[in-house]
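Taking it in order: structure first as structure tokens, then the write-up.
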Amino acid sequence: MTDSAFAVVRAGALTTVQDLGRVGHAHLGVPRSGALDEPALRLANRLVGNPDGAAALETTLTGCAVRLRRGATVAVTGAPCPVTVDGRPAAWGAPVRVRSGALVEVAAATHGVRSYLAFGGGVEAEQVLGSRSTDLLSGLGPPPLADGAMLRLGAPYGPAPAVDAAPCPGPPRELVLPVALGPRDDWFTARALRTLATGEFRVSAASNRIGLRTEGPSLERARDGELPSEGMVLGALQVPPDGRPVLFLADHPTTGGYPVVGVVPEGRLAAAAQAVPGTAVRFAPRRAR
Amino acid sequence: MTGSGGRVRVRGLPVGDHALLLEVDTGEAALALHAELLRRAEARTLPAVREIVPAARTVLLDGVADPRRLAAEVARWDIPPPAGGYGATVEIAVRYDGPDLADVAELWGVAPHEVARIHAAAEFRVAFCGFAPGFGYLTGLPEHHHVPRRATPRTRVPAGSVALAGPYTGVYPRSSPGGWQLIGTTDAVLWDTARTPATLLAPGTRVRFVPERPIPEPPSQQPLPAQQPARKEAST
């Protein structure tokens with residue numbers, strides 16, 4: 001076992017390796033994947049002196065714990081949570097220097113869903129189509145972490161910058177998502193579009209890396225029949241036959257046959273990825289520019 | 001390129017602020033539009049885009065700086081009919097032994113062995129990919145051979161299953177749930193990220209299915225048409 005290895009002591013509910021994802025392969029059916037809260041990943045990497053796109057660990061609600069075999073700088077961002085090193089409290093949202101053999105614990109998120117644990121040098125998983133991201137839809141990239149699994153760190157890029165702490169926006173209590181209407185808003189009744197603008201939706205517990213599912217009013221279609229499969233973008237608000245909008249996140253399918261009523265700008269998806277089940281959601285539809 | 005050979009009419013639909021969905025009337029027109037987009041991307045006369053995703057009646061352009069301007073530009077293009085496809089024809093060796101072969105034969109009104117003969121005689125094109133990495137939606141069967149999906153999807157379709165649904169033929173790159181009608185099996189590797197390219201079937205690729213074993217001909221039938229004598233040599 002080389003000293004770049006680290007052991008997964010507690011994998012948590014779902015912890016995956018994520019970088020900025022695979023771009024340019026959607027026409028082959030390959031989802032983009034990558035960190036759901038991209039600004040949080042970039043920040044964690046900067047705090048430990050990595051390029052923005054280095055791979056880190058993305059946790060889900062319950063955190064994770066790893067034991068290092070060499071000293072490293074680590075940082076936790078995204079969903080706020082207690083961080084401990086060998087049982088002693090350490091900073092969240094700031095670079096933390098840990099010694100060889102240390103147990104780094106990311107505890108359950110106090111609010112939000114996904115925390116990011118970055119290491120100086122990044123997580124060294126095999127690249128598939130230019131990315132180390134775990135893609136849960138198509139099974140590309142490394143498998144989700146399991147208790148007892150061994151992973152490896154990359155060689156450090158250089159000294160971590162001298163930062164004490166960086167500001168991170170906390171997850172909002174209510175998720176307000178702008179929606180640029182189209183391409184298939186004409187598949188819905190005028191009443192459905194009013195419902196989209198005024199209805200009270202909530203984040204469903206069935207949400208995952210593929211999509212944020214909603215509970216609440218259902219959107220009524222103006223026409224029957226099937227839409228021939230068409231390309232889907234990140235942030236697409238797709239409406240399946242039950243009428244409850246699903247917001248496509250990083251592991252979304254590249255084509256689909258349910259109509260997309262509108263698209264949420266990429267810059268707002270990080271907030272969506274941090275909204276816990278039950279969070280109130282409001283949509284603010286507008287015409288596409 | 002509607003069926004009558006007219007000009008391709010392209011409608012641009014907004015997809016957020018940085019993508020554009022180009023919609024046409026037929027699958028043939030979508031192939032032609034996709035080919036034209038790839039030509040212009042290669043010649044660097046297309047503005048930078050992150051993804052070009054063809055589908056049944058559309059091509060999605062993602063990562064576009066100014067979708068409105070690009071939509072106006074595309075509407076002025078004169079799009080030639082699709083050429084014969086890209087590169088050599090990919091041949092996929094198939095055992096026509098799928099569990100839905102008899103159902104498909106009944107839907108087509110033919111004997112089960114005729115399904116293999118008809119399917120292997122068709123020339124396919126990869127219209128688009130989706131569902132899973134390396135899964136191509138292949139067109140080429142005439143309309144009277146289109147079939148519905150199974151009423152109840154299977155929870156597990158084995159990798160290498162050759163299947164039909166609607167106008168499409170597909171091959172499952174890996175085991176997954178699926179509702180298509182299974183007519184055969186192949187050992188071909190559809191998707192392998194250790195290979196370049198990872199996919200066997202990219203959009204536009206021409207495909208033929210080659211029976212691994214000669215298809216038995218009942219005595220009353222005519223011999224195989226002259227254009228298919230290569231079958232015996234192709235089976236290994």
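Ligands are numbered from 1 in the order shown, chains are lettered A, B, ... in the order of the structure tokens, and residues start at 1 in each chain.
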Find the residues in chain B near chain A: any atom within 10 Å counts, using only C-alpha atoms. Write them as a ChimeraX atom specification.
/B:12-23,49-63,66-68,128-136,174,176,191,193-194,196-203
Restricting the calculation to only C-alpha atoms: of A:Val96, A:Ala108, A:Ala250, A:Val239, which residue gets closest to Arg10 (chain A)?
A:Ala108
Point out the residue among B:Arg156, B:Arg117, B:Arg195, B:Arg150 with the least atom-to-atom distance to Arg213 (chain B), counting only C-alpha atoms.
B:Arg117
Counting only C-alpha atoms, the residue of A:Ser33, A:Ser4, A:Asn208, A:Thr60 that sits nearest Leu145 (chain A)
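Among A:Ser33, A:Ser4, A:Asn208, A:Thr60, it is A:Thr60 that comes nearest to Leu145 (chain A).
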